[in-house]
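Listing of run06.cif; format and content: mmCIF, C-alpha atoms and all ligand atoms.
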```
data_input
loop_
_atom_site.label_atom_id
_atom_site.label_comp_id
_atom_site.auth_asym_id
_atom_site.auth_seq_id
_atom_site.Cartn_x
_atom_site.Cartn_y
_atom_site.Cartn_z
CA MET W 1 1.03 113.30 18.37
CA THR W 2 2.96 116.17 19.94
CA LEU W 3 5.74 116.57 22.43
CA GLN W 4 3.19 118.22 24.69
CA THR W 5 0.71 115.32 24.62
CA ILE W 6 3.56 112.91 25.36
CA VAL W 7 4.74 114.98 28.32
CA GLN W 8 1.16 115.18 29.62
CA ARG W 9 0.69 111.43 29.25
CA TYR W 10 3.97 110.22 30.76
CA ARG W 11 4.69 112.99 33.27
CA HIS W 12 3.89 110.93 36.37
CA ARG W 13 5.75 107.83 35.26
CA PHE W 14 8.68 110.01 34.23
CA ILE W 15 8.82 111.86 37.56
CA GLU W 16 8.61 108.62 39.51
CA GLN W 17 11.65 107.26 37.73
CA PHE W 18 13.73 110.33 36.96
CA GLY W 19 12.31 113.24 38.94
CA HIS W 20 14.99 113.03 41.64
CA ALA W 21 17.74 113.73 39.11
CA LEU W 22 16.13 116.74 37.41
CA SER W 23 17.79 120.14 37.59
CA ARG W 24 15.79 123.31 38.16
CA ASP W 25 16.16 124.20 34.45
CA GLN W 26 14.80 120.81 33.45
CA TRP W 27 11.80 121.16 35.76
CA SER W 28 10.98 124.50 34.26
CA ALA W 29 11.32 123.10 30.72
CA LEU W 30 9.03 120.17 31.63
CA ASN W 31 6.38 122.49 33.06
CA ALA W 32 6.65 124.88 30.13
CA ILE W 33 6.24 122.16 27.51
CA GLU W 34 3.29 120.69 29.40
CA GLY W 35 1.45 123.94 30.01
CA CYS W 36 2.17 125.87 26.80
CA ARG W 37 -1.11 127.31 25.41
CA GLN W 38 -3.07 125.42 28.04
CA GLY W 39 -3.83 128.20 30.51
CA PRO W 40 -1.01 128.45 33.09
CA TYR W 41 0.59 131.30 31.13
CA GLY W 42 -2.60 133.35 31.03
CA GLU W 43 -4.65 134.53 28.12
CA MET W 44 -4.64 137.11 25.37
CA ALA W 45 -7.72 139.06 24.40
CA TRP W 46 -8.25 139.69 20.68
CA THR W 47 -10.60 142.05 18.87
CA CYS W 48 -11.44 141.93 15.19
CA GLN W 49 -10.51 145.10 13.33
CA ARG W 50 -13.65 144.92 11.16
CA CYS W 51 -16.56 143.26 12.96
CA SER W 52 -15.39 143.85 16.54
CA HIS W 53 -15.70 140.16 17.40
CA ASN W 54 -13.86 139.38 20.68
CA THR W 55 -12.08 136.21 21.70
CA HIS W 56 -9.46 134.89 24.13
CA THR W 57 -6.56 132.53 23.43
CA PRO W 58 -4.25 130.86 25.95
CA ARG W 59 -0.74 132.30 25.94
CA SER W 60 2.34 130.31 25.00
CA CYS W 61 5.20 129.55 27.39
CA GLY W 62 8.06 131.18 25.44
CA HIS W 63 10.51 128.54 26.70
CA ARG W 64 13.24 127.58 24.25
CA ALA W 65 12.80 123.87 24.97
CA CYS W 66 9.18 124.10 23.78
CA ASN W 67 8.58 123.18 20.17
CA LEU W 68 5.38 125.24 19.89
CA CYS W 69 7.08 128.53 20.69
CA GLN W 70 9.63 131.00 19.40
CA ASP W 71 9.13 130.74 15.66
CA GLN W 72 9.58 134.51 15.50
CA SER W 73 12.91 134.41 17.37
CA THR W 74 14.20 131.84 14.89
CA GLN W 75 13.16 134.00 11.95
CA ALA W 76 14.62 137.11 13.54
CA TRP W 77 17.96 135.36 14.11
CA LEU W 78 18.11 134.20 10.51
CA GLN W 79 17.27 137.69 9.27
CA ARG W 80 20.02 139.18 11.43
CA GLN W 81 22.48 136.70 9.93
CA GLU W 82 21.20 137.56 6.42
CA GLN W 83 22.04 141.21 7.08
CA LYS W 84 25.68 140.21 7.53
CA ARG W 85 26.16 137.93 4.55
CA LEU W 86 29.24 138.29 2.38
CA PRO W 87 29.74 137.06 -1.21
CA VAL W 88 32.43 134.50 -0.34
CA ASN W 89 32.64 130.76 0.25
CA TYR W 90 31.39 129.71 3.65
CA TYR W 91 32.79 126.97 5.88
CA MET W 92 31.32 125.00 8.73
CA VAL W 93 33.72 123.98 11.47
CA THR W 94 32.44 121.53 14.07
CA PHE W 95 34.24 120.82 17.34
CA THR W 96 33.08 117.74 19.24
CA LEU W 97 33.87 116.62 22.78
CA PRO W 98 34.89 112.96 23.06
CA LYS W 99 32.40 110.61 24.71
CA GLU W 100 34.74 110.02 27.66
CA LEU W 101 34.10 113.61 28.75
CA ARG W 102 30.32 113.51 28.60
CA GLY W 103 29.89 112.51 32.26
CA VAL W 104 31.91 115.47 33.47
CA VAL W 105 30.19 117.80 31.03
CA ARG W 106 26.73 116.73 32.23
CA GLN W 107 27.82 117.36 35.78
CA TYR W 108 29.17 120.88 35.12
CA ARG W 109 27.02 121.83 32.19
CA SER W 110 27.15 125.60 32.50
CA THR W 111 30.92 125.80 32.81
CA CYS W 112 31.66 123.12 30.22
CA TYR W 113 29.30 124.46 27.55
CA ASP W 114 30.77 127.90 28.00
CA LEU W 115 34.34 126.58 27.81
CA LEU W 116 33.47 124.51 24.74
CA MET W 117 32.26 127.62 22.94
CA ARG W 118 35.10 129.83 24.14
CA CYS W 119 37.89 127.36 23.34
CA ALA W 120 36.44 126.58 19.90
CA ALA W 121 36.26 130.29 19.10
CA GLN W 122 39.73 130.95 20.44
CA THR W 123 41.18 128.08 18.39
CA LEU W 124 39.71 129.47 15.17
CA LYS W 125 40.89 133.00 15.95
CA THR W 126 44.43 131.78 16.57
CA PHE W 127 44.46 129.75 13.35
CA ALA W 128 43.26 132.75 11.33
CA LYS W 129 45.83 135.04 12.91
CA ASN W 130 48.70 132.63 12.22
CA ASP W 131 47.58 131.68 8.71
CA SER W 132 49.92 132.95 5.99
CA THR W 133 47.14 134.00 3.58
CA LEU W 134 44.56 135.20 6.06
CA GLY W 135 46.75 136.68 8.78
CA GLY W 136 43.89 138.53 10.41
CA GLU W 137 40.59 138.46 12.20
CA LEU W 138 37.77 136.17 11.12
CA GLY W 139 34.09 136.74 11.64
CA PHE W 140 31.98 133.73 12.59
CA CYS W 141 28.83 132.55 14.21
CA ALA W 142 28.96 129.69 16.71
CA VAL W 143 26.03 127.58 17.86
CA LEU W 144 26.10 125.00 20.64
CA HIS W 145 24.32 121.70 20.10
CA THR W 146 24.06 118.98 22.70
CA HIS W 147 22.16 116.42 20.63
CA THR W 148 22.67 113.94 17.85
CA ARG W 149 19.82 113.50 15.41
CA ARG W 150 18.85 110.40 17.43
CA LEU W 151 18.57 112.80 20.40
CA ASP W 152 21.47 111.25 22.29
CA TYR W 153 23.75 113.45 24.39
CA HIS W 154 26.60 114.72 22.26
CA PRO W 155 27.85 118.24 23.05
CA HIS W 156 29.44 119.94 20.06
CA VAL W 157 29.69 123.38 18.57
CA HIS W 158 29.06 124.33 14.93
CA ILE W 159 30.73 127.43 13.62
CA VAL W 160 29.78 129.05 10.33
CA VAL W 161 32.69 131.02 8.93
CA PRO W 162 32.75 133.29 5.86
CA GLY W 163 36.02 132.62 4.02
CA GLY W 164 37.89 135.82 4.63
CA ALA W 165 39.69 137.75 7.33
CA VAL W 166 40.27 141.41 8.09
CA ASN W 167 43.85 142.45 8.52
CA LYS W 168 43.52 145.59 10.60
CA ALA W 169 47.20 146.58 10.43
CA ARG W 170 47.26 146.47 6.63
CA ARG W 171 43.61 147.55 6.38
CA GLN W 172 43.07 144.63 4.04
CA TRP W 173 40.42 142.03 3.33
CA CYS W 174 42.11 138.63 2.77
CA LYS W 175 40.00 135.97 1.12
CA VAL W 176 40.48 132.24 1.64
CA ARG W 177 42.08 130.80 -1.48
CA GLY W 178 40.79 127.50 -2.83
CA GLN W 179 38.44 125.00 -1.25
CA TYR W 180 39.95 124.74 2.10
CA LEU W 181 39.91 126.74 5.33
CA PHE W 182 41.92 124.89 8.00
CA ASN W 183 43.06 121.34 8.58
CA GLY W 184 40.56 119.48 10.76
CA ARG W 185 43.19 117.40 12.56
CA ALA W 186 45.29 120.42 13.43
CA LEU W 187 42.18 122.24 14.71
CA ALA W 188 41.19 119.23 16.83
CA LYS W 189 44.65 119.03 18.37
CA ALA W 190 44.78 122.70 19.29
CA PHE W 191 41.20 122.61 20.58
CA ARG W 192 41.93 119.58 22.76
CA GLY W 193 44.85 121.35 24.39
CA ALA W 194 42.88 124.54 24.97
CA PHE W 195 39.80 122.78 26.36
CA LEU W 196 41.65 120.49 28.76
CA LYS W 197 43.72 123.40 30.05
CA ALA W 198 40.58 125.50 30.56
CA LEU W 199 38.83 122.63 32.38
CA PHE W 200 41.79 122.23 34.66
CA GLN W 201 41.86 125.97 35.39
CA ALA W 202 38.15 125.80 36.23
CA GLY W 203 38.97 123.15 38.84
CA ILE W 204 37.38 120.27 36.92
CA THR W 205 39.33 117.04 36.55
CA PRO W 206 38.34 115.33 33.34
CA GLY W 207 39.86 111.88 33.91
CA ARG W 208 41.26 109.98 30.97
CA THR W 209 40.52 111.34 27.52
CA PRO W 210 41.60 110.02 24.14
CA LYS W 211 44.62 111.55 22.41
CA LYS W 212 42.68 112.23 19.24
CA TRP W 213 39.65 114.48 19.21
CA VAL W 214 37.44 115.33 16.26
CA ALA W 215 37.05 118.63 14.45
CA GLN W 216 35.50 118.84 11.02
CA CYS W 217 36.00 121.65 8.60
CA LYS W 218 33.99 121.64 5.41
CA ARG W 219 32.89 124.04 2.73
CA VAL W 220 29.19 124.86 2.80
CA GLY W 221 28.67 126.90 -0.37
CA LYS W 222 27.20 130.33 0.29
CA GLY W 223 26.27 129.34 3.82
CA THR W 224 22.49 129.61 3.42
CA GLU W 225 21.70 125.97 4.19
CA ALA W 226 24.18 125.83 7.05
CA LEU W 227 22.60 128.85 8.75
CA ARG W 228 19.10 127.45 8.25
CA TYR W 229 20.18 124.16 9.78
CA LEU W 230 21.53 125.97 12.83
CA ALA W 231 18.42 128.16 13.10
CA ARG W 232 16.22 125.08 13.28
CA TYR W 233 17.36 124.05 16.75
CA LEU W 234 18.05 127.48 18.21
CA TYR W 235 14.79 128.31 19.91
CA ARG W 236 12.39 125.47 19.16
CA GLY W 237 13.57 122.45 21.09
CA VAL W 238 15.28 119.42 19.61
CA ILE W 239 12.34 117.74 17.90
CA SER W 240 9.46 119.01 15.81
CA ASN W 241 6.04 117.44 16.17
CA THR W 242 6.03 116.22 12.57
CA ASN W 243 8.90 113.89 13.47
CA ILE W 244 7.02 112.23 16.33
CA LEU W 245 5.34 109.31 14.58
CA SER W 246 3.48 107.31 17.20
CA ASP W 247 2.74 106.79 20.88
CA ASP W 248 0.98 103.58 21.92
CA GLY W 249 0.73 104.36 25.62
CA CYS W 250 4.07 102.68 26.42
CA ASN W 251 6.43 103.52 23.60
CA VAL W 252 7.08 106.57 21.50
CA THR W 253 8.51 106.35 17.98
CA PHE W 254 10.16 109.29 16.29
CA ARG W 255 12.03 109.69 13.06
CA TYR W 256 15.28 111.45 12.25
CA ARG W 257 17.43 111.88 9.21
CA ASP W 258 20.69 109.95 9.35
CA ALA W 259 23.56 112.45 9.22
CA ASN W 260 25.64 110.31 6.83
CA THR W 261 23.13 108.63 4.52
CA HIS W 262 20.42 111.35 4.75
CA GLN W 263 17.87 108.52 4.94
CA TRP W 264 14.98 108.68 7.40
CA LYS W 265 15.35 106.31 10.32
CA THR W 266 13.12 105.66 13.30
CA ARG W 267 13.82 105.15 16.97
CA THR W 268 11.43 103.75 19.56
CA VAL W 269 11.85 104.33 23.30
CA THR W 270 9.51 104.26 26.29
CA GLY W 271 7.54 107.45 26.93
CA GLU W 272 9.58 108.17 30.06
CA GLN W 273 12.83 107.63 28.21
CA PHE W 274 11.63 109.94 25.46
CA ILE W 275 11.20 112.76 27.99
CA VAL W 276 14.71 111.99 29.31
CA LEU W 277 16.06 112.32 25.76
CA ILE W 278 14.36 115.71 25.37
CA LEU W 279 15.19 117.21 28.78
CA GLN W 280 18.87 116.27 28.72
CA HIS W 281 19.25 118.95 26.01
CA CYS W 282 17.77 121.68 28.14
CA LEU W 283 20.33 124.48 28.52
CA PRO W 284 21.19 126.27 31.76
CA LYS W 285 19.02 129.36 32.24
CA GLY W 286 20.35 132.40 30.43
CA PHE W 287 22.99 130.45 28.51
CA ARG W 288 23.64 132.04 25.12
CA ARG W 289 23.79 129.17 22.67
CA ALA W 290 24.39 131.33 19.57
CA ARG W 291 27.28 133.76 19.60
CA ASP W 292 28.77 136.02 16.94
CA TYR W 293 32.45 136.83 16.86
CA GLY W 294 34.92 139.12 15.08
CA TYR W 295 33.47 141.21 12.30
CA LEU W 296 30.11 139.43 12.67
CA HIS W 297 29.80 140.60 16.29
CA GLY W 298 27.19 143.27 17.01
CA ASN W 299 29.95 145.71 18.10
CA ALA W 300 31.68 145.47 14.73
CA LYS W 301 28.87 146.97 12.64
CA ALA W 302 31.15 149.67 11.22
CA VAL W 303 33.68 147.06 9.99
CA MET W 304 30.83 144.99 8.54
CA HIS W 305 29.45 148.00 6.64
CA ILE W 306 32.88 148.75 5.17
CA LEU W 307 33.30 145.08 4.16
CA GLN W 308 29.92 145.00 2.48
CA TRP W 309 30.71 148.24 0.67
CA VAL W 310 34.12 146.93 -0.51
CA LEU W 311 32.59 143.60 -1.60
CA LYS W 312 29.65 145.39 -3.26
CA VAL W 313 26.98 143.66 -1.20
CA GLN W 314 23.37 144.72 -1.61
CA ARG W 315 22.16 144.54 1.95
CA PRO W 316 18.67 143.08 2.34
CA ALA W 317 16.13 145.52 3.78
CA PRO W 318 16.18 145.47 7.58
CA PRO W 319 13.56 143.09 8.98
CA THR W 320 10.31 144.62 10.08
CA LYS W 321 8.88 143.47 13.37
CA LYS W 322 5.71 141.46 12.86
CA THR W 323 2.81 142.21 15.15
CA ALA W 324 0.81 139.25 16.37
CA SER W 325 -2.26 138.55 14.30
CA LEU W 326 -5.11 136.04 14.27
CA PRO W 327 -7.79 135.67 11.56
CA CYS W 328 -11.29 136.48 12.75
CA PRO W 329 -13.52 133.36 12.78
CA HIS W 330 -16.45 135.43 11.39
CA CYS W 331 -15.01 137.67 8.69
CA ARG W 332 -11.38 136.44 8.33
CA SER W 333 -10.05 139.97 8.90
CA PRO W 334 -6.97 140.21 11.13
CA MET W 335 -7.66 140.41 14.84
CA ARG W 336 -5.38 142.41 17.11
CA VAL W 337 -4.31 141.86 20.70
CA THR W 338 -6.26 144.15 23.01
CA GLY W 339 -5.25 142.77 26.38
CA ILE W 340 -2.97 140.29 28.15
CA TYR W 341 -4.11 138.52 31.30
CA PRO W 342 -1.53 136.71 33.38
CA ARG W 343 -4.02 134.04 34.43
CA LYS W 344 -7.02 132.46 32.75
CA ALA W 345 -9.94 134.96 32.61
CA GLN W 346 -12.95 133.74 34.58
CA PRO W 347 -16.12 133.35 32.53
CA GLY W 348 -18.87 135.95 33.12
ZN ZN X 401 -14.34 139.89 12.18
ZN ZN X 402 5.69 126.93 24.46
ZN ZN X 403 24.86 119.61 15.54
#
```
Please render this file's structure as structure tokens.
Amino acid sequence: MTLQTIVQRYRHRFIEQFGHALSRDQWSALNAIEGCRQGPYGEMAWTCQRCSHNTHTPRSCGHRACNLCQDQSTQAWLQRQEQKRLPVNYYMVTFTLPKELRGVVRQYRSTCYDLLMRCAAQTLKTFAKNDSTLGGELGFCAVLHTHTRRLDYHPHVHIVVPGGAVNKARRQWCKVRGQYLFNGRALAKAFRGAFLKALFQAGITPGRTPKKWVAQCKRVGKGTEALRYLARYLYRGVISNTNILSDDGCNVTFRYRDANTHQWKTRTVTGEQFIVLILQHCLPKGFRRARDYGYLHGNAKAVMHILQWVLKVQRPAPPTKKTASLPCPHCRSPMRVTGIYPRKAQPG
């Protein structure tokens, strides 16, 4: 059972019911998932390095909503984050939009996702600047999620923060003392104010929203697990095929791990509804869902090198770019790409 087979099976029923409401981005995600490695994206020609055996394979779609693609991008992102690790405690801050806003956010996805990320980042920067111990600039990595583990619509942003700030005026590195970065309630309050103001300035009227919003701030050890968790959903869609358990021609059952109890749970929905659940998490074209800030930003490499030198960090070797490889069906030696054809090569 794969996402692709489900899309192929339910496509017509899905389009009949929901096609009218699909955005251009969602159409392109639907087509990509359906056609990945099936021919519409062309073929690659391979030649064995040892026995000169030739073969063709269909190309993949490269779409970030597709769960067959982009494994390399995920690995590359994680390796880039590894290059910037610091020997300090890490924190994960999560800003969530209240459910009352979800209608407006769906309607203006591009603007609202961008404001969510910007306001969350700005809130953290302000807190770090005003903090009596830190009093400086943080570095952090923010990733936008729009899903819960049950695949419902739930826009939020996770931010992984190393526990220390750079005070440029004093040329000092200030480490977070103790277990605790910032107070979640205070963050939520400041974020609420910033987000509503930004919405208003963008000409979007949010309607009634609750007084209390949610922001969580927790310690996540050395940050490794937190970064891996974020990497998982960056480029490979919101569900992996191993978590799709069954499809009986009407209903699809998938499993997910409950965020609180960490127990596996299952959810069953109609095939059409399953595609709705997947496509609602499709991001606007070109939207950058992972962003680095402060001393983790690509422009701050010099600061990062100084920090790693001061904190005596052994930087991991820079990642080497993997070239595509396929084992030869005759001699198992690696085959190499010798040609790329935009459309399926005709036999003969
Ligand atoms: Zn061979
Ligand atoms: Zn694909
Ligand atoms: Zn999340």
Please identify every residue of chain W that has at least one atom no farther than 6 Å from an atom of ligand ZN 402 (chain X), counting only C-alpha atoms and all ligand atoms, and for each give the shortest atom pair and the distance in Å to one decimal, arranged by chain then increasing number, as CSV.
```
residue,atom,partner,partner_atom,distance
W:Ile33,CA,X:ZN402,ZN,5.7
W:Cys36,CA,X:ZN402,ZN,4.4
W:Ser60,CA,X:ZN402,ZN,4.8
W:Cys61,CA,X:ZN402,ZN,4.0
W:Gly62,CA,X:ZN402,ZN,5.0
W:His63,CA,X:ZN402,ZN,5.6
W:Cys66,CA,X:ZN402,ZN,4.5
W:Leu68,CA,X:ZN402,ZN,4.9
W:Cys69,CA,X:ZN402,ZN,4.3
```
Handout entry: Best match for closeness to W:Thr224 among W:Leu22, W:Val160, W:Met335, W:Met1, counting only C-alpha atoms
Key =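 For W:Thr224, the nearest of the given residues is W:Val160.
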Practice task
Could you give me, as a ChimeraX atom specification, every polymer residue with an atom at most 12 Å away from an atom of ligand ZN 403 (chain X), counting all atoms listed in the file?
Solution key: /W:92-97,142-160,216,226-227,229-234,238,259,281,289
Practice task
Give me the residues within 12 Å of W:Gln79 as a PyMOL selection string, counting only C-alpha atoms and dropping any in the same chain fewer than 3 places off.
Solution key: chain W and resi 72-76+82-85+224+227-228+231+315-321
Practice task
Report the distance between atom CA of W:Ala169 and atom CA of W:Pro87 in Å, rounded to one decimal place.
Solution key: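 Answer for the atom CA of W:Ala169 to atom CA of W:Pro87 separation: 23.0 Å.
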Problem - For ligand ZN 401 (chain X), the nearest of the candidates W:Leu279, W:Val104, W:Val337, W:Cys51, counting all atoms listed in the file - result: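 Among the listed residues, W:Cys51 lies closest to ligand ZN 401 (chain X).
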Completion exercise
From the list W:Pro210, W:Pro329, W:Gly164, W:Pro342, the nearest residue to ligand ZN 401 (chain X) using all atoms listed in the file is W:Pro329
Problem - Contacts to ligand ZN 401 (chain X) at 9 Å cut-off (only C-alpha atoms and all ligand atoms) as a PyMOL selection string - result: chain W and resi 47-54+327-335
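Here atom CA of W:Ala65 and atom CA of W:Glu34 stand 11.0 Å from one another.
Distances from W:Ala290, W:Gln263, W:Thr338, W:Trp309 to W:Asp114 were compared using all atoms listed in the file, and the smallest one belongs to W:Ala290.
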Exercise for the section: Compile the contact shell of W:Leu199 as a list in words: residues with an atom at most 12 Å away, counting all atoms listed in the file, same-chain residues fewer than 6 positions apart removed. Expected result: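 Neighbouring residues, sequence-local ones excluded: Leu101, Val104, Val105, Tyr108, Arg109, Thr111, Cys112, Tyr113, Asp114, Leu115, Leu116, Arg118, Cys119, Arg192, Gly193, Thr205, Pro206 and Gly207 of chain W.
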Writer output for current selection, C-alpha atoms, as a compact mmCIF listing (two decimals), in the frame of the given file:
```txt
# COMPACT_ATOMS: atom_id res chain seq x y z
CA LEU W 101 34.10 113.61 28.75
CA VAL W 104 31.91 115.47 33.47
CA VAL W 105 30.19 117.80 31.03
CA TYR W 108 29.17 120.88 35.12
CA ARG W 109 27.02 121.83 32.19
CA THR W 111 30.92 125.80 32.81
CA CYS W 112 31.66 123.12 30.22
CA TYR W 113 29.30 124.46 27.55
CA ASP W 114 30.77 127.90 28.00
CA LEU W 115 34.34 126.58 27.81
CA LEU W 116 33.47 124.51 24.74
CA ARG W 118 35.10 129.83 24.14
CA CYS W 119 37.89 127.36 23.34
CA ARG W 192 41.93 119.58 22.76
CA GLY W 193 44.85 121.35 24.39
CA THR W 205 39.33 117.04 36.55
CA PRO W 206 38.34 115.33 33.34
CA GLY W 207 39.86 111.88 33.91
```
Exercise for the section: Identify, on the basis of only C-alpha atoms, every residue whose closest approach to W:Leu311 does not exceed 10 Å; exclude the query and any residue fewer than 6 positions from it along the same chain; express the result as a PyMOL selection string. Expected result: chain W and resi 86-88+173+305
Keeping C-alpha atoms, export the residues of the selection given above as a PDB file, in the frame of the given file.
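Below is the file that was written, again_15.pdb:
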```pdb
ATOM      1  CA  LEU W  86      29.240 138.290   2.380  1.00  0.00           C
ATOM      2  CA  PRO W  87      29.740 137.060  -1.210  1.00  0.00           C
ATOM      3  CA  VAL W  88      32.430 134.500  -0.340  1.00  0.00           C
ATOM      4  CA  TRP W 173      40.420 142.030   3.330  1.00  0.00           C
ATOM      5  CA  HIS W 305      29.450 148.000   6.640  1.00  0.00           C
TER       6      HIS W 305
END
```
Practice task
Write out as JSON, numbers by chain which residues come within 12 Å of W:Cys174 when counting only C-alpha atoms, dropping same-chain ones fewer than 5 positions away.
Solution key: {"W": [88, 128, 129, 131, 132, 133, 134, 135, 136, 137, 138, 162, 163, 164, 165, 166, 167, 168, 307, 310, 311]}
Deliver the residues from the most recent selection as a file, using C-alpha atoms, as a short mmCIF file (atom, residue, chain, number, x, y, z; two decimals), in the coordinates of the input.
```cif
data_model
loop_
_atom_site.label_atom_id
_atom_site.label_comp_id
_atom_site.auth_asym_id
_atom_site.auth_seq_id
_atom_site.Cartn_x
_atom_site.Cartn_y
_atom_site.Cartn_z
CA VAL W 88 32.43 134.50 -0.34
CA ALA W 128 43.26 132.75 11.33
CA LYS W 129 45.83 135.04 12.91
CA ASP W 131 47.58 131.68 8.71
CA SER W 132 49.92 132.95 5.99
CA THR W 133 47.14 134.00 3.58
CA LEU W 134 44.56 135.20 6.06
CA GLY W 135 46.75 136.68 8.78
CA GLY W 136 43.89 138.53 10.41
CA GLU W 137 40.59 138.46 12.20
CA LEU W 138 37.77 136.17 11.12
CA PRO W 162 32.75 133.29 5.86
CA GLY W 163 36.02 132.62 4.02
CA GLY W 164 37.89 135.82 4.63
CA ALA W 165 39.69 137.75 7.33
CA VAL W 166 40.27 141.41 8.09
CA ASN W 167 43.85 142.45 8.52
CA LYS W 168 43.52 145.59 10.60
CA LEU W 307 33.30 145.08 4.16
CA VAL W 310 34.12 146.93 -0.51
CA LEU W 311 32.59 143.60 -1.60
#
```
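Each of W:His262, W:Arg267, W:Arg343, W:Lys285 was checked against W:Ser246 using only C-alpha atoms; the smallest atom-to-atom distance is that of W:Arg267.
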Practice task
Mind giving me the straight-line distance from atom CA of W:Leu181 to atom CA of W:Lys125 in Å, one decimal?
Solution key: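 Interatomic distance, atom CA of W:Leu181 to atom CA of W:Lys125: 12.4 Å.
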Exercise for the section: Go through W:Phe287, W:Tyr341, W:Tyr90, W:Phe191 one by one, measure the shortest atom-to-atom distance of each to W:Glu43 using all atoms listed in the file, and give the residue with the smallest value. Expected result: W:Tyr341
Practice task
Quick one: everything within 12 Å of W:Trp264, counting all atoms listed in the file, minus sequence neighbours fewer than 6 positions away in the same chain. Send it as a list of chain:residue names.
Solution key: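 Result of the neighbour search: W:Arg149, W:Arg150, W:Asn243, W:Phe254, W:Arg255, W:Tyr256, W:Arg257, W:Asp258.
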Put those residues in a file: C-alpha atoms, as a tab-separated table (two decimals), in the coordinates of the input.
```tsv
chain	number	residue	atom	x	y	z
W	149	ARG	CA	19.82	113.50	15.41
W	150	ARG	CA	18.85	110.40	17.43
W	243	ASN	CA	8.90	113.89	13.47
W	254	PHE	CA	10.16	109.29	16.29
W	255	ARG	CA	12.03	109.69	13.06
W	256	TYR	CA	15.28	111.45	12.25
W	257	ARG	CA	17.43	111.88	9.21
W	258	ASP	CA	20.69	109.95	9.35
```
